[in-house]
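Everything below belongs to coords_18.csv, which stores CSV, C-alpha atoms.
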```csv
chain,number,residue,atom,x,y,z
A,1,MET,CA,247.1,14.4,213.6
A,2,LYS,CA,250.5,13.5,215.1
A,3,LEU,CA,253.7,15.2,214.4
A,4,GLN,CA,254.7,12.2,212.3
A,5,SER,CA,251.7,12.8,210.1
A,6,TYR,CA,252.5,16.5,209.8
A,7,ASP,CA,256.1,15.6,208.8
A,8,ALA,CA,254.8,13.2,206.2
A,9,LEU,CA,252.6,15.9,204.8
A,10,LYS,CA,255.6,18.2,204.5
A,11,HIS,CA,257.6,15.5,202.9
A,12,SER,CA,254.8,15.0,200.3
A,13,LYS,CA,254.8,18.8,199.6
A,14,TYR,CA,258.6,18.7,199.2
A,15,ARG,CA,258.3,15.9,196.7
A,16,LEU,CA,255.6,17.8,194.7
A,17,SER,CA,257.6,21.0,194.7
A,18,LEU,CA,260.7,19.1,193.4
A,19,MET,CA,258.6,17.5,190.6
A,20,LEU,CA,257.1,20.9,189.6
A,21,PHE,CA,260.5,22.5,189.6
A,22,LEU,CA,261.9,19.8,187.3
A,23,PHE,CA,258.8,20.0,185.0
A,24,LEU,CA,259.1,23.8,184.6
A,25,ASN,CA,262.8,23.4,183.8
A,26,VAL,CA,262.0,20.9,181.1
A,27,ALA,CA,259.2,23.1,179.7
A,28,VAL,CA,261.3,26.3,179.6
A,29,ALA,CA,264.3,24.6,178.2
A,30,LEU,CA,262.3,23.0,175.4
A,31,PHE,CA,260.8,26.4,174.6
A,32,CYS,CA,264.4,27.8,174.3
A,33,LEU,CA,265.3,25.0,172.0
A,34,LEU,CA,262.5,25.7,169.5
A,35,PRO,CA,264.0,26.9,166.1
A,36,PHE,CA,262.4,30.4,165.9
A,37,THR,CA,265.1,31.6,163.4
A,38,GLY,CA,265.5,28.5,161.2
A,39,SER,CA,266.2,24.9,161.9
A,40,ASP,CA,270.0,25.0,162.0
A,41,ILE,CA,270.9,22.3,164.6
A,42,ALA,CA,274.3,24.0,165.2
A,43,ASN,CA,272.5,26.9,166.8
A,44,GLN,CA,270.8,24.7,169.4
A,45,SER,CA,271.9,25.3,173.0
A,46,LEU,CA,273.8,22.5,174.6
A,47,PRO,CA,273.2,23.7,178.2
A,48,ALA,CA,269.4,23.9,177.5
A,49,LEU,CA,269.5,20.4,176.1
A,50,LEU,CA,271.3,19.3,179.3
A,51,VAL,CA,268.6,20.9,181.4
A,52,VAL,CA,266.0,18.9,179.5
A,53,VAL,CA,267.9,15.6,179.9
A,54,PHE,CA,268.8,16.0,183.5
A,55,SER,CA,265.4,17.3,184.7
A,56,ALA,CA,263.4,14.8,182.6
A,57,THR,CA,265.5,11.9,184.0
A,58,LEU,CA,265.0,12.9,187.6
A,59,LEU,CA,261.3,13.6,187.0
A,60,ALA,CA,260.9,10.1,185.4
A,61,LEU,CA,262.6,8.5,188.4
A,62,LEU,CA,260.4,10.3,190.9
A,63,VAL,CA,257.3,9.3,189.0
A,64,SER,CA,258.2,5.7,188.4
A,65,MET,CA,259.6,5.1,191.9
A,66,PRO,CA,257.5,7.0,194.4
A,67,LYS,CA,259.2,5.5,197.5
A,68,LYS,CA,262.7,6.2,196.3
A,69,GLN,CA,264.7,8.6,198.5
A,70,LEU,CA,264.3,12.1,197.1
A,71,PRO,CA,267.4,14.0,195.8
A,72,LEU,CA,268.3,17.1,197.8
A,73,LEU,CA,266.6,20.1,196.4
A,74,ASN,CA,269.4,22.6,197.0
A,75,PRO,CA,272.1,20.8,194.9
A,76,VAL,CA,269.6,20.2,192.1
A,77,ALA,CA,268.6,23.8,192.1
A,78,PHE,CA,272.2,25.0,192.1
A,79,LEU,CA,273.2,22.6,189.2
A,80,LEU,CA,270.2,23.7,187.1
A,81,GLY,CA,271.0,27.3,187.9
A,82,GLY,CA,274.5,26.8,186.6
A,83,LEU,CA,273.2,25.3,183.4
A,84,TRP,CA,270.9,28.2,182.9
A,85,ALA,CA,273.8,30.6,183.4
A,86,TRP,CA,275.7,28.7,180.8
A,87,HIS,CA,272.7,28.9,178.4
A,88,ILE,CA,272.4,32.7,178.9
A,89,ASN,CA,276.1,33.2,178.2
A,90,TYR,CA,275.9,30.9,175.2
A,91,ARG,CA,272.9,32.6,173.6
A,92,TYR,CA,274.3,36.1,174.4
A,93,GLN,CA,277.4,35.3,172.3
A,94,GLN,CA,275.2,34.4,169.3
A,95,ILE,CA,273.2,37.7,169.3
A,96,PHE,CA,274.6,40.2,166.8
A,97,PHE,CA,272.2,43.0,167.4
A,98,TYR,CA,271.8,43.3,171.1
A,99,ASP,CA,268.7,45.4,172.0
A,100,GLY,CA,269.2,45.4,175.7
A,101,SER,CA,266.2,43.1,176.5
A,102,PHE,CA,267.7,39.6,176.1
A,103,LEU,CA,269.4,39.5,179.5
A,104,ILE,CA,266.4,40.8,181.3
A,105,ILE,CA,264.1,38.3,179.6
A,106,SER,CA,266.5,35.5,180.3
A,107,LEU,CA,266.7,36.4,184.0
A,108,LEU,CA,262.9,36.7,184.3
A,109,SER,CA,262.6,33.2,182.8
A,110,VAL,CA,264.8,31.8,185.5
A,111,PHE,CA,262.8,33.8,188.2
A,112,PHE,CA,259.6,32.4,186.7
A,113,ILE,CA,260.7,28.8,187.4
A,114,SER,CA,261.9,29.6,190.9
A,115,ALA,CA,259.0,31.7,191.9
A,116,ILE,CA,256.4,29.1,191.1
A,117,ALA,CA,258.2,25.9,192.4
A,118,LEU,CA,260.5,27.2,195.1
A,119,SER,CA,258.5,29.9,196.9
A,120,ASP,CA,258.6,27.9,200.1
A,121,TYR,CA,262.2,26.9,199.9
A,122,LEU,CA,264.3,30.1,200.1
A,123,PRO,CA,267.8,28.5,200.1
A,124,ALA,CA,267.0,26.5,196.9
A,125,PHE,CA,265.5,29.6,195.4
A,126,CYS,CA,268.7,31.6,196.0
A,127,LEU,CA,270.9,28.8,194.8
A,128,HIS,CA,268.9,28.5,191.6
A,129,ILE,CA,269.0,32.2,190.7
A,130,ALA,CA,272.5,33.0,191.9
A,131,PRO,CA,274.5,31.7,188.8
A,132,PRO,CA,272.2,33.4,186.2
A,133,VAL,CA,272.2,36.6,188.2
A,134,LEU,CA,276.0,36.8,188.3
A,135,THR,CA,276.2,35.9,184.6
A,136,VAL,CA,273.7,38.6,183.7
A,137,LEU,CA,275.5,41.2,185.8
A,138,LEU,CA,278.8,40.4,184.2
A,139,LEU,CA,277.5,40.3,180.6
A,140,ASP,CA,275.5,43.5,181.0
A,141,ASP,CA,278.7,45.4,182.1
A,142,GLY,CA,276.7,48.0,184.0
A,143,GLN,CA,274.5,49.2,181.1
A,144,HIS,CA,271.2,48.2,182.7
A,145,LEU,CA,272.4,47.8,186.3
A,146,LEU,CA,269.4,49.5,188.0
A,147,MET,CA,266.9,47.5,186.0
A,148,ILE,CA,268.6,44.2,186.7
A,149,LEU,CA,269.1,45.0,190.4
A,150,PHE,CA,265.4,45.9,190.6
A,151,THR,CA,264.5,42.7,188.9
A,152,ILE,CA,266.6,40.8,191.4
A,153,THR,CA,265.9,42.7,194.6
A,154,LEU,CA,262.1,42.9,194.5
A,155,PRO,CA,261.3,39.2,194.3
A,156,LEU,CA,264.2,38.3,196.6
A,157,ILE,CA,262.7,40.6,199.4
A,158,GLY,CA,259.2,39.3,198.8
A,159,PHE,CA,260.3,35.6,198.9
A,160,SER,CA,262.4,36.3,202.0
A,161,LEU,CA,259.4,37.7,203.8
A,162,HIS,CA,257.3,34.9,202.6
A,163,HIS,CA,259.8,32.3,203.8
A,164,LEU,CA,259.9,34.0,207.2
A,165,MET,CA,256.2,33.9,207.5
A,166,ARG,CA,256.1,30.2,206.4
A,167,ARG,CA,258.7,29.3,209.0
A,168,ARG,CA,256.7,31.0,211.7
A,169,PHE,CA,253.5,29.3,210.5
A,170,ASP,CA,255.3,25.9,210.5
A,171,HIS,CA,256.5,26.5,214.0
A,172,PHE,CA,253.0,27.5,215.2
A,173,THR,CA,251.5,24.4,213.4
A,174,ARG,CA,254.0,22.0,215.0
A,175,ARG,CA,253.3,23.5,218.4
A,176,LEU,CA,249.6,23.3,217.9
A,177,VAL,CA,249.7,19.7,216.7
A,178,SER,CA,251.8,18.8,219.7
A,179,GLN,CA,249.5,20.5,222.1
A,180,LEU,CA,246.4,18.9,220.6
A,181,TYR,CA,248.0,15.5,220.7
A,182,GLU,CA,248.9,16.0,224.4
A,183,GLU,CA,245.4,17.2,225.2
A,184,ARG,CA,243.9,14.2,223.4
A,185,GLU,CA,246.1,11.9,225.5
A,186,ASN,CA,245.0,13.7,228.7
A,187,PHE,CA,241.3,13.5,227.7
A,188,SER,CA,241.8,9.8,227.0
A,189,ASP,CA,243.3,9.3,230.4
A,190,LEU,CA,240.5,11.3,232.1
A,191,SER,CA,237.9,9.3,230.3
A,192,MET,CA,239.2,6.1,232.0
A,193,LEU,CA,239.0,7.6,235.5
A,194,ASP,CA,236.1,8.1,237.8
A,195,PRO,CA,236.0,11.9,238.5
A,196,LEU,CA,234.8,11.5,242.2
A,197,THR,CA,237.3,8.9,243.4
A,198,GLY,CA,240.1,9.1,240.9
A,199,LEU,CA,239.9,5.3,240.5
A,200,TYR,CA,239.6,3.6,237.1
A,201,ASN,CA,236.1,3.3,235.7
A,202,ARG,CA,235.0,0.3,233.7
A,203,ARG,CA,236.7,1.6,230.5
A,204,GLY,CA,239.9,2.0,232.4
A,205,LEU,CA,239.6,-1.4,233.9
A,206,LYS,CA,239.1,-3.0,230.5
A,207,ASN,CA,242.2,-1.2,229.2
A,208,ARG,CA,244.3,-2.5,232.1
A,209,LEU,CA,242.7,-5.9,232.0
A,210,ASP,CA,243.7,-6.5,228.4
A,211,ALA,CA,247.3,-5.7,229.1
A,212,ILE,CA,247.4,-7.8,232.3
A,213,LEU,CA,245.9,-10.9,230.7
A,214,GLU,CA,248.1,-10.6,227.7
A,215,ASN,CA,251.4,-10.1,229.6
A,216,HIS,CA,251.0,-11.9,232.9
A,217,ALA,CA,250.6,-15.6,233.0
A,218,GLY,CA,250.1,-15.9,236.8
A,219,SER,CA,246.9,-16.4,238.7
A,220,HIS,CA,244.6,-13.5,239.2
A,221,PHE,CA,241.6,-12.8,241.5
A,222,VAL,CA,238.6,-10.6,241.3
A,223,LEU,CA,237.4,-8.9,244.5
A,224,LEU,CA,234.0,-7.3,244.4
A,225,LEU,CA,233.2,-4.9,247.3
A,226,ASP,CA,230.0,-3.0,248.3
A,227,ILE,CA,229.5,-0.4,251.0
A,228,ASP,CA,227.0,-1.7,253.5
A,229,HIS,CA,223.7,0.2,253.9
A,230,PHE,CA,225.0,3.0,251.7
A,231,LYS,CA,221.5,4.1,250.8
A,232,ALA,CA,220.6,4.6,254.4
A,233,TYR,CA,223.9,6.5,254.9
A,234,ASN,CA,223.1,8.8,252.1
A,235,ASP,CA,219.5,9.3,253.3
A,236,HIS,CA,220.7,10.1,256.9
A,237,TYR,CA,223.8,12.3,256.2
A,238,GLY,CA,223.0,13.6,252.7
A,239,HIS,CA,224.6,13.1,249.3
A,240,ALA,CA,227.6,15.4,250.0
A,241,MET,CA,228.5,13.2,252.9
A,242,GLY,CA,227.9,10.1,250.7
A,243,ASP,CA,230.4,11.5,248.1
A,244,GLN,CA,232.9,12.1,250.9
A,245,ALA,CA,232.5,8.5,252.2
A,246,LEU,CA,233.0,7.1,248.6
A,247,ALA,CA,236.2,9.2,248.3
A,248,ARG,CA,237.5,8.0,251.7
A,249,VAL,CA,236.7,4.4,251.0
A,250,SER,CA,238.3,4.6,247.6
A,251,ALA,CA,241.5,5.9,249.2
A,252,ALA,CA,241.5,3.2,251.8
A,253,ILE,CA,241.1,0.4,249.2
A,254,ARG,CA,243.9,1.9,247.2
A,255,ASP,CA,246.2,2.1,250.2
A,256,ALA,CA,245.5,-1.5,251.3
A,257,VAL,CA,246.4,-3.2,248.0
A,258,ARG,CA,249.7,-3.5,246.1
A,259,SER,CA,250.7,-1.0,243.4
A,260,ARG,CA,250.2,-3.6,240.6
A,261,ASP,CA,246.6,-4.3,241.6
A,262,VAL,CA,243.9,-2.5,239.7
A,263,VAL,CA,241.2,-0.7,241.8
A,264,THR,CA,238.0,0.3,240.0
A,265,ARG,CA,234.8,2.1,240.9
A,266,TYR,CA,232.5,-0.5,239.4
A,267,GLY,CA,229.1,1.0,240.2
A,268,GLY,CA,227.6,3.6,242.6
A,269,GLU,CA,228.9,2.2,245.9
A,270,GLU,CA,230.5,-0.9,244.4
A,271,PHE,CA,234.2,-1.4,243.8
A,272,LEU,CA,236.2,-4.0,242.0
A,273,VAL,CA,239.9,-4.9,242.7
A,274,LEU,CA,241.8,-7.0,240.2
A,275,MET,CA,244.6,-8.7,242.1
A,276,THR,CA,247.3,-9.8,239.8
A,277,ASN,CA,249.9,-12.6,240.1
A,278,VAL,CA,248.7,-13.7,243.5
A,279,ASN,CA,247.6,-17.0,245.2
A,280,ALA,CA,244.4,-17.6,247.0
A,281,SER,CA,245.9,-17.1,250.5
A,282,ILE,CA,247.5,-13.8,249.7
A,283,ALA,CA,244.4,-12.6,247.9
A,284,MET,CA,242.3,-13.3,250.9
A,285,LYS,CA,244.7,-11.5,253.2
A,286,LEU,CA,244.6,-8.5,250.9
A,287,ALA,CA,240.8,-8.5,250.9
A,288,GLU,CA,240.8,-8.7,254.8
A,289,ARG,CA,243.2,-5.8,255.0
A,290,ILE,CA,240.9,-3.7,252.8
A,291,ARG,CA,238.0,-4.6,255.0
A,292,GLN,CA,240.0,-3.6,258.1
A,293,TYR,CA,241.2,-0.3,256.5
A,294,VAL,CA,237.6,0.7,255.8
A,295,VAL,CA,236.4,-0.3,259.3
A,296,ASN,CA,239.1,2.0,260.8
A,297,LEU,CA,238.0,5.0,258.7
A,298,ASP,CA,236.9,8.1,260.5
A,299,ILE,CA,234.8,10.0,258.1
A,300,PRO,CA,234.2,13.5,259.5
A,301,HIS,CA,230.7,14.8,259.7
A,302,ARG,CA,230.0,17.6,257.3
A,303,PHE,CA,228.7,20.0,259.9
A,304,ASN,CA,230.5,18.8,263.0
A,305,GLN,CA,234.2,17.9,262.6
A,306,GLU,CA,234.3,16.4,266.1
A,307,VAL,CA,231.8,13.7,265.1
A,308,SER,CA,233.0,10.8,262.9
A,309,THR,CA,230.9,8.5,260.8
A,310,HIS,CA,231.8,4.9,259.9
A,311,VAL,CA,231.0,2.5,257.1
A,312,THR,CA,231.7,-1.2,256.5
A,313,ILE,CA,232.0,-3.2,253.4
A,314,SER,CA,231.1,-6.7,252.2
A,315,ALA,CA,233.0,-8.5,249.6
A,316,GLY,CA,233.1,-11.6,247.4
A,317,ILE,CA,236.3,-12.9,245.9
A,318,ALA,CA,236.8,-15.4,243.0
A,319,PRO,CA,239.7,-16.5,240.8
A,320,ILE,CA,240.0,-15.9,237.1
A,321,PHE,CA,239.9,-19.2,235.2
A,322,ALA,CA,241.2,-19.4,231.6
A,323,ASP,CA,241.2,-15.6,231.3
A,324,ASP,CA,237.4,-15.5,231.6
A,325,PHE,CA,237.0,-12.3,233.5
A,326,ASP,CA,233.3,-12.0,233.1
A,327,GLN,CA,232.7,-15.4,234.7
A,328,ALA,CA,235.0,-14.5,237.6
A,329,VAL,CA,233.0,-11.3,238.2
A,330,ALA,CA,229.8,-13.3,238.2
A,331,ASN,CA,231.3,-15.7,240.7
A,332,ALA,CA,232.5,-12.9,242.9
A,333,ASP,CA,229.1,-11.2,242.7
A,334,ARG,CA,227.4,-14.4,243.9
A,335,ALA,CA,229.8,-14.6,246.9
A,336,LEU,CA,229.2,-10.9,247.6
A,337,TYR,CA,225.4,-11.5,247.6
A,338,VAL,CA,225.8,-14.4,250.1
A,339,ALA,CA,228.1,-12.2,252.3
A,340,LYS,CA,225.5,-9.5,252.4
A,341,ASN,CA,222.9,-12.1,253.5
A,342,GLN,CA,225.2,-13.4,256.2
A,343,GLY,CA,225.3,-10.1,258.1
A,344,ARG,CA,227.6,-7.8,256.1
A,345,ASN,CA,231.1,-6.5,257.0
A,346,THR,CA,232.5,-9.8,255.9
A,347,ILE,CA,234.4,-11.3,253.0
A,348,LEU,CA,233.4,-14.6,251.4
A,349,ALA,CA,235.4,-16.6,248.8
A,350,TRP,CA,233.6,-18.1,245.9
A,351,GLU,CA,235.1,-21.5,246.7
A,352,ASP,CA,233.6,-21.4,250.2
A,353,LEU,CA,230.0,-21.0,249.0
A,354,PRO,CA,227.7,-23.8,250.2
A,355,THR,CA,226.7,-24.7,246.6
A,356,LEU,CA,229.1,-24.0,243.8
A,357,PRO,CA,227.7,-22.5,240.6
A,358,GLN,CA,227.9,-24.5,237.5
A,359,VAL,CA,230.9,-23.4,235.5
A,360,SER,CA,232.8,-24.9,232.6
A,361,HIS,CA,236.2,-24.5,234.1
A,362,ASP,CA,238.4,-27.4,235.2
A,363,LEU,CA,239.2,-26.5,238.8
A,364,ALA,CA,242.1,-29.0,238.9
```

With the file now loaded, output its structure as structure tokens.
Amino acid sequence: MKLQSYDALKHSKYRLSLMLFLFLNVAVALFCLLPFTGSDIANQSLPALLVVVFSATLLALLVSMPKKQLPLLNPVAFLLGGLWAWHINYRYQQIFFYDGSFLIISLLSVFFISAIALSDYLPAFCLHIAPPVLTVLLLDDGQHLLMILFTITLPLIGFSLHHLMRRRFDHFTRRLVSQLYEERENFSDLSMLDPLTGLYNRRGLKNRLDAILENHAGSHFVLLLDIDHFKAYNDHYGHAMGDQALARVSAAIRDAVRSRDVVTRYGGEEFLVLMTNVNASIAMKLAERIRQYVVNLDIPHRFNQEVSTHVTISAGIAPIFADDFDQAVANADRALYVAKNQGRNTILAWEDLPTLPQVSHDLA
């Protein structure tokens, strides 16, 4: 999961919370409009009716147009809180025999809506309950002050702590998602590199090759190299020395080519260099420079630093026709095979072979 996906998930949660908030406002307002004491329409609460109309309209828009930009939760919560404060005051003025419970029940009804829908959004929660709380405190005139304060304070403390924990959890989740994404990118990079030489492996070569063939229209060459008599070198000096020789040869090849060329460990002791945007003459000069760099290597003996060992390479080089990389590798491999048979420590171009292989490319 990327941070963008996590943000999209949070946006979806925000949308669902807003829809739930509007639905609960509609449900509670309709309940308040039910004619428990007769069917006199004049006794119906205008603010409760406005709550129904406003909430139902917004809810219908959210359902019918899911991609529409969401209204801000805080202003909506404050507006509906104001309507509920108006409703409480309106109903309170109609009660002739006040038994002390109406204001508490009204306040709990508003808290019920906020507690269910706005538990993760503390600012909206506070904005929704603030107008009804102030209205209840003014209407009560201190008669049930302690009970009202307890009704207000306890959930407010609880939701404040819950909001703090949610923010810490959100920060931790964001950091974790970011770290996981970075580690995935690192593992992806490592999976394209040969661990011994630090060169690209075949997967890394394919990744770079696709980008090069897509974005560079110049001529490209494939250089296939092989360390001469490497099995005998391994048998004589041991595999640890063989690994050291591979690492030194890899560094020499990388130093000899240009920064835009792609150097790959293609097999055990076989390397491939993809030379980009280069003509045949320059490609041959680069190949010869690689051969010379390897010849000049002094590979220290594992048990005697004063003794140096040496290796040579043979190579075949071929151009890429019509973006057919596999055919170019096959042509370079044939040139490498002939170079090996001609005595090694040499470079042979595919075009210079005595008998050209049958290919479908137009060499003109």

A:Tyr337, A:Leu180, A:Leu118, A:His144 ranked by distance to Leu156 in chain A, top pick (using only C-alpha atoms):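 Looking only at the distances to Leu156 in chain A, the closest residue turns out to be A:Leu118.
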
From A:Trp84, A:Tyr90, A:Tyr14, A:Phe271, residue lying nearest Gln44 in chain A [only C-alpha atoms]: A:Tyr90

Atomic distance CA of Ala211 in chain A - CA of Leu199 in chain A, expressed in Å with one decimal: 17.5 Å

Surrounding residues of Pro319 in chain A excluding itself and chain neighbours under 5 positions, 7 Å, all atoms listed in the file, as a list in words: His220, Phe221, Val222 and Ala328 of chain A

Nearest to Ile320 in chain A, chosen from A:Ser219, A:Gln342, A:Phe303, A:Ile88, with only C-alpha atoms counted in the distances: A:Ser219

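Shell of Leu16 in chain A at 12 Å, with only C-alpha atoms counted and residues fewer than 3 places along the chain excluded, is A:Leu9, A:Lys10, A:His11, A:Ser12, A:Lys13, A:Met19, A:Leu20, A:Phe21, A:Leu22, A:Phe23, A:Leu59, A:Leu62, A:Val63, A:Pro66, A:Leu70, A:Leu73, A:Ile116, A:Ala117, A:Leu118, A:Asp120.
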
Selected residues written out with C-alpha atoms, as a PDB file, in the coordinates of the input:
```
ATOM      1  CA  LEU A   9     252.600  15.900 204.800  1.00  0.00           C
ATOM      2  CA  LYS A  10     255.600  18.200 204.500  1.00  0.00           C
ATOM      3  CA  HIS A  11     257.600  15.500 202.900  1.00  0.00           C
ATOM      4  CA  SER A  12     254.800  15.000 200.300  1.00  0.00           C
ATOM      5  CA  LYS A  13     254.800  18.800 199.600  1.00  0.00           C
ATOM      6  CA  MET A  19     258.600  17.500 190.600  1.00  0.00           C
ATOM      7  CA  LEU A  20     257.100  20.900 189.600  1.00  0.00           C
ATOM      8  CA  PHE A  21     260.500  22.500 189.600  1.00  0.00           C
ATOM      9  CA  LEU A  22     261.900  19.800 187.300  1.00  0.00           C
ATOM     10  CA  PHE A  23     258.800  20.000 185.000  1.00  0.00           C
ATOM     11  CA  LEU A  59     261.300  13.600 187.000  1.00  0.00           C
ATOM     12  CA  LEU A  62     260.400  10.300 190.900  1.00  0.00           C
ATOM     13  CA  VAL A  63     257.300   9.300 189.000  1.00  0.00           C
ATOM     14  CA  PRO A  66     257.500   7.000 194.400  1.00  0.00           C
ATOM     15  CA  LEU A  70     264.300  12.100 197.100  1.00  0.00           C
ATOM     16  CA  LEU A  73     266.600  20.100 196.400  1.00  0.00           C
ATOM     17  CA  ILE A 116     256.400  29.100 191.100  1.00  0.00           C
ATOM     18  CA  ALA A 117     258.200  25.900 192.400  1.00  0.00           C
ATOM     19  CA  LEU A 118     260.500  27.200 195.100  1.00  0.00           C
ATOM     20  CA  ASP A 120     258.600  27.900 200.100  1.00  0.00           C
TER      21      ASP A 120
END
```

CA of Val51 in chain A to CA of Leu24 in chain A, distance in Å rounded to a single decimal: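 Interatomic distance, CA of Val51 in chain A to CA of Leu24 in chain A: 10.4 Å.
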
Distance query 10 Å from (260.3, 31.3, 201.3) using only C-alpha atoms, result as a PyMOL selection string: chain A and resi 115+118-126+156-167

From A:Asp298, A:Ala318, A:Glu269, A:Leu80, residue lying nearest Ala283 in chain A [all atoms listed in the file]: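 Once distances to Ala283 in chain A are computed over all atoms listed in the file, the minimum belongs to A:Ala318.
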
Nearest residue to Leu196 in chain A from the set A:Gly268, A:Pro354, A:Pro71, A:Gly82 (distances using all atoms listed in the file):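 Closest candidate: A:Gly268.
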
Selected residue, from A:Leu225, A:Val338, A:Tyr266, A:Phe78, that lies nearest to Ile313 in chain A when counting all atoms listed in the file: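 Of A:Leu225, A:Val338, A:Tyr266, A:Phe78, the one nearest Ile313 in chain A is A:Leu225, counting all atoms listed in the file.
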
Pairwise distance for CA of Met241 in chain A and CA of Leu224 in chain A, rounded to one decimal in Å: 22.9 Å

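Residue neighbourhood of Val28 in chain A, excluding near-sequence residues (fewer than 6 positions): A:Ala48, A:Val52, A:Ser109, A:Val110, A:Ile113, at 9 Å, using all atoms listed in the file.
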
Gly343 in chain A surroundings by only C-alpha atoms, 10 Å radius, close-in-sequence under 3 positions cut, as number ranges by chain: A: 228, 314, 338-340, 346
